[in-house]
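Trainee: Pasting model22.cif below, which is mmCIF, C-alpha atoms and all ligand atoms.
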data_my_file
#
loop_
_atom_site.label_atom_id
_atom_site.label_comp_id
_atom_site.auth_asym_id
_atom_site.auth_seq_id
_atom_site.Cartn_x
_atom_site.Cartn_y
_atom_site.Cartn_z
CA MET P 1 -16.48 7.81 6.09
CA THR P 2 -19.27 9.38 4.06
CA ILE P 3 -18.97 12.35 1.71
CA PRO P 4 -20.80 14.69 4.17
CA GLU P 5 -18.45 13.52 6.97
CA PHE P 6 -15.46 14.10 4.72
CA GLN P 7 -16.63 17.66 4.02
CA GLN P 8 -17.49 18.31 7.67
CA HIS P 9 -13.76 17.95 8.47
CA LYS P 10 -13.08 21.26 6.76
CA ARG P 11 -15.76 23.08 8.76
CA ASP P 12 -14.41 21.46 11.96
CA LYS P 13 -10.82 22.35 10.95
CA LYS P 14 -9.84 18.67 11.26
CA LYS P 15 -7.20 17.50 8.79
CA LEU P 16 -8.27 14.95 6.19
CA ILE P 17 -5.93 12.01 5.64
CA VAL P 18 -6.02 10.18 2.31
CA VAL P 19 -3.69 7.49 0.95
CA THR P 20 -3.75 5.37 -2.15
CA ALA P 21 -4.30 1.62 -2.06
CA TYR P 22 -4.63 -0.92 -4.81
CA ASP P 23 -5.38 -4.23 -3.08
CA ALA P 24 -7.24 -5.84 -0.18
CA LEU P 25 -4.21 -6.43 2.07
CA PHE P 26 -3.09 -2.81 2.18
CA THR P 27 -6.69 -1.56 2.38
CA ARG P 28 -7.06 -3.48 5.65
CA ILE P 29 -3.76 -2.09 6.97
CA VAL P 30 -4.73 1.46 5.99
CA GLU P 31 -8.06 1.10 7.79
CA GLN P 32 -6.36 -0.39 10.87
CA ALA P 33 -4.23 2.76 10.95
CA GLY P 34 -7.45 4.76 11.25
CA ILE P 35 -7.21 6.42 7.84
CA GLY P 36 -10.66 7.32 6.59
CA ALA P 37 -10.27 7.80 2.86
CA ILE P 38 -8.60 5.67 0.20
CA LEU P 39 -7.85 6.72 -3.34
CA VAL P 40 -7.51 3.89 -5.84
CA GLY P 41 -5.11 6.04 -7.86
CA ASP P 42 -4.19 5.59 -11.48
CA SER P 43 -0.68 5.90 -10.02
CA LEU P 44 -1.01 2.12 -10.02
CA GLY P 45 0.22 2.36 -13.62
CA VAL P 46 3.59 3.37 -12.19
CA VAL P 47 3.79 1.70 -8.78
CA VAL P 48 2.02 -1.58 -9.58
CA GLN P 49 2.41 -1.97 -13.35
CA GLY P 50 5.91 -0.50 -13.56
CA LYS P 51 5.17 1.99 -16.37
CA SER P 52 6.87 5.39 -16.56
CA ASN P 53 3.55 7.30 -16.42
CA THR P 54 -0.19 6.75 -15.93
CA LEU P 55 -1.33 7.21 -19.52
CA SER P 56 -1.73 3.53 -20.44
CA VAL P 57 -3.92 2.64 -17.45
CA THR P 58 -7.32 1.37 -18.62
CA MET P 59 -10.82 1.33 -17.17
CA ASP P 60 -10.49 -2.45 -16.76
CA ASP P 61 -7.29 -2.00 -14.72
CA MET P 62 -8.95 0.61 -12.52
CA LEU P 63 -12.16 -1.37 -12.02
CA TYR P 64 -10.21 -4.50 -11.06
CA HIS P 65 -8.24 -2.67 -8.34
CA THR P 66 -11.29 -0.68 -7.22
CA LYS P 67 -13.13 -3.97 -6.62
CA LEU P 68 -10.22 -5.28 -4.54
CA VAL P 69 -10.11 -2.16 -2.39
CA ALA P 70 -13.86 -1.66 -2.08
CA GLY P 71 -14.31 -5.34 -1.27
CA ALA P 72 -11.93 -5.08 1.67
CA ALA P 73 -12.83 -1.60 2.95
CA GLN P 74 -15.24 -1.56 5.85
CA ARG P 75 -15.29 2.10 6.87
CA ALA P 76 -13.15 4.11 4.47
CA LEU P 77 -14.44 6.37 1.73
CA VAL P 78 -13.21 4.74 -1.48
CA ILE P 79 -12.47 7.06 -4.39
CA GLY P 80 -11.81 5.59 -7.85
CA ASP P 81 -9.45 7.51 -10.11
CA MET P 82 -10.75 7.90 -13.67
CA PRO P 83 -7.96 6.89 -16.09
CA PHE P 84 -6.78 8.83 -19.13
CA MET P 85 -9.39 8.94 -21.94
CA SER P 86 -12.21 7.56 -19.80
CA TYR P 87 -13.78 11.03 -19.36
CA GLN P 88 -12.08 13.45 -21.76
CA ALA P 89 -13.90 12.63 -25.03
CA SER P 90 -17.49 13.40 -24.05
CA THR P 91 -19.73 14.08 -21.09
CA GLU P 92 -21.82 11.01 -21.87
CA GLU P 93 -18.81 8.69 -21.86
CA ALA P 94 -17.53 10.35 -18.69
CA VAL P 95 -20.83 9.75 -16.84
CA ARG P 96 -21.05 6.13 -18.01
CA ASN P 97 -17.47 5.37 -16.94
CA ALA P 98 -17.92 7.15 -13.62
CA GLY P 99 -20.99 5.01 -13.01
CA ARG P 100 -18.93 1.86 -13.57
CA PHE P 101 -16.67 2.88 -10.67
CA LEU P 102 -19.67 3.10 -8.35
CA GLN P 103 -20.88 -0.28 -9.61
CA ALA P 104 -17.42 -1.65 -8.72
CA GLY P 105 -17.87 -0.45 -5.14
CA ALA P 106 -16.30 3.03 -5.12
CA HIS P 107 -18.18 5.81 -3.34
CA ALA P 108 -16.80 8.57 -5.55
CA VAL P 109 -14.57 9.22 -8.53
CA LYS P 110 -11.68 11.59 -9.16
CA LEU P 111 -10.83 13.30 -12.42
CA GLU P 112 -8.12 15.71 -13.55
CA GLY P 113 -8.77 19.16 -15.01
CA GLY P 114 -10.47 22.44 -14.16
CA ARG P 115 -12.96 24.66 -16.02
CA ILE P 116 -12.89 22.36 -19.04
CA MET P 117 -14.18 19.50 -16.85
CA ALA P 118 -16.80 21.46 -14.92
CA ASP P 119 -19.64 20.26 -17.21
CA ARG P 120 -18.63 16.62 -16.69
CA VAL P 121 -18.49 17.13 -12.94
CA GLU P 122 -21.95 18.69 -12.98
CA ALA P 123 -23.39 15.87 -15.11
CA MET P 124 -21.94 13.18 -12.80
CA VAL P 125 -23.06 14.91 -9.62
CA SER P 126 -26.55 15.39 -11.06
CA VAL P 127 -26.96 11.61 -11.39
CA GLY P 128 -25.63 10.94 -7.90
CA ILE P 129 -21.93 10.35 -8.51
CA PRO P 130 -19.69 12.31 -6.10
CA VAL P 131 -16.65 13.78 -7.83
CA MET P 132 -13.25 14.85 -6.51
CA GLY P 133 -11.33 17.27 -8.74
CA HIS P 134 -7.56 17.30 -9.29
CA LEU P 135 -5.62 20.45 -10.23
CA GLY P 136 -2.02 21.57 -10.54
CA MET P 137 0.48 19.01 -11.75
CA THR P 138 -2.06 16.62 -13.21
CA PRO P 139 -0.09 13.54 -14.35
CA GLN P 140 -2.39 12.77 -17.29
CA SER P 141 -1.26 16.10 -18.85
CA LEU P 142 2.41 15.24 -18.38
CA HIS P 143 3.30 15.79 -22.04
CA ARG P 144 1.58 19.18 -22.18
CA TYR P 145 3.69 20.32 -19.23
CA GLY P 146 6.87 18.78 -20.67
CA GLY P 147 7.45 16.66 -17.57
CA TYR P 148 6.52 16.54 -13.89
CA LYS P 149 6.82 20.26 -13.07
CA VAL P 150 5.43 22.52 -10.36
CA GLN P 151 2.37 24.35 -11.71
CA GLY P 152 0.76 27.72 -10.89
CA LYS P 153 4.04 29.57 -10.41
CA GLY P 154 3.37 32.79 -12.37
CA LYS P 155 0.60 35.29 -11.62
CA GLU P 156 -1.47 34.31 -14.67
CA GLN P 157 -1.12 30.57 -14.00
CA ALA P 158 -2.11 31.10 -10.38
CA LYS P 159 -5.19 33.09 -11.44
CA ALA P 160 -6.15 30.35 -13.89
CA LEU P 161 -5.81 27.64 -11.23
CA LEU P 162 -7.97 29.59 -8.81
CA ALA P 163 -10.61 29.97 -11.54
CA ASP P 164 -10.38 26.21 -12.20
CA ALA P 165 -10.88 25.44 -8.52
CA LYS P 166 -13.94 27.73 -8.32
CA ALA P 167 -15.41 26.13 -11.45
CA LEU P 168 -15.04 22.63 -9.99
CA GLU P 169 -16.68 23.76 -6.77
CA SER P 170 -19.56 25.36 -8.72
CA GLY P 171 -19.89 22.15 -10.75
CA GLY P 172 -20.50 20.26 -7.51
CA ALA P 173 -17.13 18.62 -6.77
CA PHE P 174 -16.98 17.53 -3.12
CA ALA P 175 -13.21 18.11 -2.79
CA ILE P 176 -10.17 18.96 -4.89
CA VAL P 177 -6.66 17.45 -4.93
CA LEU P 178 -3.97 20.12 -5.38
CA GLU P 179 -0.76 18.62 -6.70
CA ALA P 180 2.66 20.29 -6.88
CA ILE P 181 1.69 23.94 -6.60
CA PRO P 182 3.30 26.72 -4.53
CA VAL P 183 2.29 26.93 -0.87
CA PRO P 184 0.73 30.46 -1.07
CA LEU P 185 -1.47 29.49 -4.03
CA ALA P 186 -2.65 26.33 -2.25
CA LYS P 187 -3.50 28.47 0.77
CA THR P 188 -5.44 30.99 -1.33
CA ILE P 189 -7.44 28.21 -3.01
CA THR P 190 -8.07 26.50 0.35
CA ASP P 191 -9.22 29.75 1.97
CA THR P 192 -11.43 30.64 -1.02
CA LEU P 193 -13.28 27.33 -1.38
CA SER P 194 -15.84 25.91 0.99
CA ILE P 195 -15.02 22.34 -0.15
CA PRO P 196 -11.88 20.60 1.18
CA THR P 197 -8.54 20.77 -0.63
CA ILE P 198 -6.28 17.74 -0.40
CA GLY P 199 -2.64 18.52 -1.01
CA ILE P 200 0.20 16.51 -2.47
CA GLY P 201 3.22 18.74 -2.83
CA ALA P 202 1.01 21.74 -2.06
CA GLY P 203 2.19 22.62 1.45
CA PRO P 204 0.66 22.52 4.90
CA HIS P 205 -2.36 24.81 4.50
CA CYS P 206 -4.54 22.37 2.55
CA ASP P 207 -7.48 20.81 4.40
CA GLY P 208 -5.90 17.38 4.05
CA GLN P 209 -3.02 15.46 2.53
CA VAL P 210 -2.72 12.52 0.18
CA LEU P 211 0.33 10.38 -0.58
CA VAL P 212 0.95 7.35 -2.73
CA LEU P 213 1.07 4.48 -0.24
CA TYR P 214 4.22 2.83 -1.60
CA ASP P 215 6.05 6.18 -1.51
CA LEU P 216 5.21 6.82 2.14
CA LEU P 217 6.19 3.27 3.06
CA GLY P 218 9.58 3.69 1.40
CA LEU P 219 9.13 0.97 -1.20
CA PHE P 220 10.94 3.05 -3.82
CA ASP P 221 14.40 4.50 -3.52
CA ASP P 222 15.29 5.20 -7.16
CA PHE P 223 13.05 8.27 -7.61
CA VAL P 224 11.40 9.99 -4.68
CA PRO P 225 9.64 13.32 -5.39
CA LYS P 226 10.52 16.24 -3.07
CA PHE P 227 7.03 16.21 -1.54
CA VAL P 228 7.26 12.59 -0.37
CA LYS P 229 8.32 11.76 3.17
CA PRO P 230 9.05 8.06 3.61
CA TYR P 231 7.64 7.05 7.01
CA ALA P 232 9.16 3.57 6.69
CA HIS P 233 11.86 1.90 4.64
CA LEU P 234 10.09 -1.23 3.48
CA LYS P 235 12.26 -1.73 0.41
CA ALA P 236 15.36 -2.04 2.60
CA ASP P 237 13.49 -4.34 5.02
CA ALA P 238 12.21 -6.51 2.17
CA LEU P 239 15.66 -6.80 0.64
CA GLN P 240 17.18 -7.77 3.96
CA ALA P 241 14.48 -10.39 4.60
CA LEU P 242 14.81 -11.91 1.13
CA ARG P 243 18.61 -12.07 1.35
CA ARG P 244 18.43 -13.77 4.76
CA TYR P 245 15.87 -16.29 3.46
CA LYS P 246 18.11 -17.08 0.46
CA GLU P 247 21.17 -17.46 2.68
CA GLU P 248 19.41 -19.68 5.22
CA VAL P 249 18.08 -22.04 2.55
CA GLU P 250 21.51 -22.21 0.95
CA GLN P 251 23.13 -22.94 4.34
CA GLY P 252 20.53 -25.55 5.30
CA LYS P 253 19.28 -23.42 8.23
CA PHE P 254 15.73 -23.09 6.85
CA PRO P 255 13.45 -24.91 7.32
CA GLY P 256 14.49 -25.79 10.88
CA ASP P 257 12.77 -27.90 13.46
CA ALA P 258 10.18 -25.20 14.23
CA GLU P 259 9.02 -25.06 10.63
CA SER P 260 8.90 -28.84 10.09
CA TYR P 261 6.17 -31.47 10.74
CA HIS P 262 7.12 -34.50 12.82
O1 LIG Z 1 -3.11 8.50 -8.94
C1 LIG Z 1 -2.88 8.94 -7.81
O2 LIG Z 1 -2.39 8.22 -6.93
C2 LIG Z 1 -3.19 10.32 -7.53
C3 LIG Z 1 -2.71 10.91 -6.24
C4 LIG Z 1 -1.25 11.01 -6.20
C5 LIG Z 1 -3.37 12.19 -5.93
O3 LIG Z 1 -3.81 10.96 -8.33
#
Mind turning this structure into structure tokens?
Ligand code: KIV
Mentor:
Amino acid sequence: MTIPEFQQHKRDKKKLIVVTAYDALFTRIVEQAGIGAILVGDSLGVVVQGKSNTLSVTMDDMLYHTKLVAGAAQRALVIGDMPFMSYQASTEEAVRNAGRFLQAGAHAVKLEGGRIMADRVEAMVSVGIPVMGHLGMTPQSLHRYGGYKVQGKGKEQAKALLADAKALESGGAFAIVLEAIPVPLAKTITDTLSIPTIGIGAGPHCDGQVLVLYDLLGLFDDFVPKFVKPYAHLKADALQALRRYKEEVEQGKFPGDAESYH
């Protein structure tokens, strides 16, 4: 999927489906499912690296996983997530790092933040790098919010988020992720912008939805955010398979005749 095709979905009122992926195997499965856009999210810090937040994820980590996904993707739009401190310090550094994502095979980058990031977005877009914005509960600002909390609840906060969304659109962002914000605010932003909004915990009125792949596959059962719906229970399946394998080896049932060379 190209950026213009992605944006055309909004005009055609066709929902956009985005999931995260971090490796070649799942990229192929995601594409087989007919999903057209893949975010190589810095959520990999949590779901792949086992950290409690995304703040320690580096450019090297992101470029490695972006190469795996972009190398396997045949049709999907691949969006690389800019990690903490790869774009905050200066516009020049932001543009250079964004460029490295495209060199690694991504078609676009995503960054967190609103009006304060509009100049970076504009600078990237002006040199040919498509940018997706990310507003609301932006995980890289976790400590400023004092935890993972719904954003944009009060009137002033809602006004500020709408202004952020307009600034990103004016800066040239091709789409915006809205994370953990009230449904009416997500609807207002979606109705106001001409670029697509992609919701995660932002209700049904967004132009599309994104979920972390391992959450939707049910690979975690210790902490599942309210906005996640597990469409499978792969952790339970994996546990069952591994326990059966262990048992069968212990009981001398595996390998059997079918798995042996004669
Ligand atoms: O890092 C990520 O996976 C994300 C999505 C949850 C939007 O930013």
Trainee: Distance CA of Gly171 (chain P)-atom O3 of ligand LIG 1 (chain Z), one decimal place?
Mentor: 19.7 Å
Trainee: Any residue with an atom at most 6 Å from ligand LIG 1 (chain Z) counts, using all atoms listed in the file. Which are they? Put them as a list of chain:residue names.
Mentor: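 Residues satisfying the distance criterion: P:Thr20, P:Gly41, P:Asp42, P:Ser43, P:Leu211, P:Val212.
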Trainee: For the atom pair CA of Lys110 (chain P) and CA of Gln88 (chain P), what is the interatomic distance in Å to one decimal place?
Mentor: 12.7 Å
Trainee: Record the distance separating CA of Thr138 (chain P) and CA of Glu179 (chain P), expressed in Å with one decimal.
Mentor: 6.9 Å
Trainee: Give the answer as one residue: which of P:Leu142, P:Ala106, P:Ala232, P:Ile200 has the shortest atom-to-atom distance to Ser52 (chain P), using only C-alpha atoms?
Mentor: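 Once distances to Ser52 (chain P) are computed over only C-alpha atoms, the minimum belongs to P:Leu142.
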Trainee: Measuring between all atoms listed in the file, which one of P:Leu55, P:Leu135, P:Ala76, P:Val125 shows the shortest distance to Ile38 (chain P)?
Mentor: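 Comparing P:Leu55, P:Leu135, P:Ala76, P:Val125 against Ile38 (chain P), the winner is P:Ala76.
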Trainee: Which of these residues is nearest to Gly34 (chain P), using only C-alpha atoms: P:Ala118, P:Gly208, P:Asp81, P:Arg75?
Mentor: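 Checking each candidate against Gly34 (chain P), we get P:Arg75 as the closest.
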Trainee: Point out the residue among P:Glu248, P:Asp207, P:Asp61, P:Asp221 with the least atom-to-atom distance to Leu234 (chain P), counting all atoms listed in the file.
Mentor: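 Distance minimum relative to Leu234 (chain P) lands on P:Asp221.
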Trainee: Could you name the residues that touch Val18 (chain P) at 9 Å or less, counting only C-alpha atoms, but leaving out those on the same chain fewer than 5 positions away, as a list in words?
Mentor: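 Non-adjacent residues within range: Ile35, Gly36, Ala37, Ile38, Leu39, Ile198, Gly208, Gln209, Val210 and Leu211 of chain P.
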Trainee: Ranking P:Pro182, P:Met124, P:His9, P:Asp164 by minimum distance to Gln151 (chain P) and counting all atoms listed in the file, which one comes first?
Mentor: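 Selected residue with least distance to Gln151 (chain P): P:Pro182.
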Trainee: With all atoms listed in the file as the atoms that count, which of P:Ile3, P:Arg28, P:Leu162, P:Thr197 lies nearest to Ala108 (chain P)?
Mentor: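 Looking at the shortest contact to Ala108 (chain P), the residue is P:Ile3.
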Trainee: Taking all atoms of region 199-211 of chain P that the file lists and extending 4 Å past them on each side, where is the centre of the axis-aligned box and how long are its edges? Answer in Å to one decimal, as AutoDock Vina command-line options.
Mentor:
--center_x -2.1 --center_y 17.6 --center_z 1.0 --size_x 18.7 --size_y 22.4 --size_z 15.7
Trainee: Set the distance at 9 Å and use all atoms listed in the file: which residues neighbour Met137 (chain P) once local chain neighbours fewer than 2 positions away are removed? I'd like the list as a list in words.
Mentor: His134, Leu135, Pro139, Gln140, Ser141, Leu142, Tyr145, Tyr148, Lys149, Val150, Gln151, Gly152, Leu178, Glu179, Ala180 and Ile181 of chain P
Trainee: Please, which residues are within 10 Å of (-22.4, 16.2, -8.7) by the file's coordinates, counting all atoms listed in the file, and could they come as a PyMOL selection string?
Mentor: chain P and resi 108+118-132+168-174
Trainee: Is it possible to get the residues within 9 Å of (-14.1, 4.7, -9.4) (coordinates as in the file, counting only C-alpha atoms) written as a CSV table (one decimal) with C-alpha atoms, in the frame of the given file?
Mentor:
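Output below, filename result35.csv:
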chain,number,residue,atom,x,y,z
P,39,LEU,CA,-7.8,6.7,-3.3
P,40,VAL,CA,-7.5,3.9,-5.8
P,62,MET,CA,-9.0,0.6,-12.5
P,63,LEU,CA,-12.2,-1.4,-12.0
P,66,THR,CA,-11.3,-0.7,-7.2
P,78,VAL,CA,-13.2,4.7,-1.5
P,79,ILE,CA,-12.5,7.1,-4.4
P,80,GLY,CA,-11.8,5.6,-7.8
P,81,ASP,CA,-9.4,7.5,-10.1
P,82,MET,CA,-10.8,7.9,-13.7
P,97,ASN,CA,-17.5,5.4,-16.9
P,98,ALA,CA,-17.9,7.2,-13.6
P,99,GLY,CA,-21.0,5.0,-13.0
P,100,ARG,CA,-18.9,1.9,-13.6
P,101,PHE,CA,-16.7,2.9,-10.7
P,102,LEU,CA,-19.7,3.1,-8.4
P,103,GLN,CA,-20.9,-0.3,-9.6
P,104,ALA,CA,-17.4,-1.6,-8.7
P,105,GLY,CA,-17.9,-0.4,-5.1
P,106,ALA,CA,-16.3,3.0,-5.1
P,107,HIS,CA,-18.2,5.8,-3.3
P,108,ALA,CA,-16.8,8.6,-5.6
P,109,VAL,CA,-14.6,9.2,-8.5
P,110,LYS,CA,-11.7,11.6,-9.2
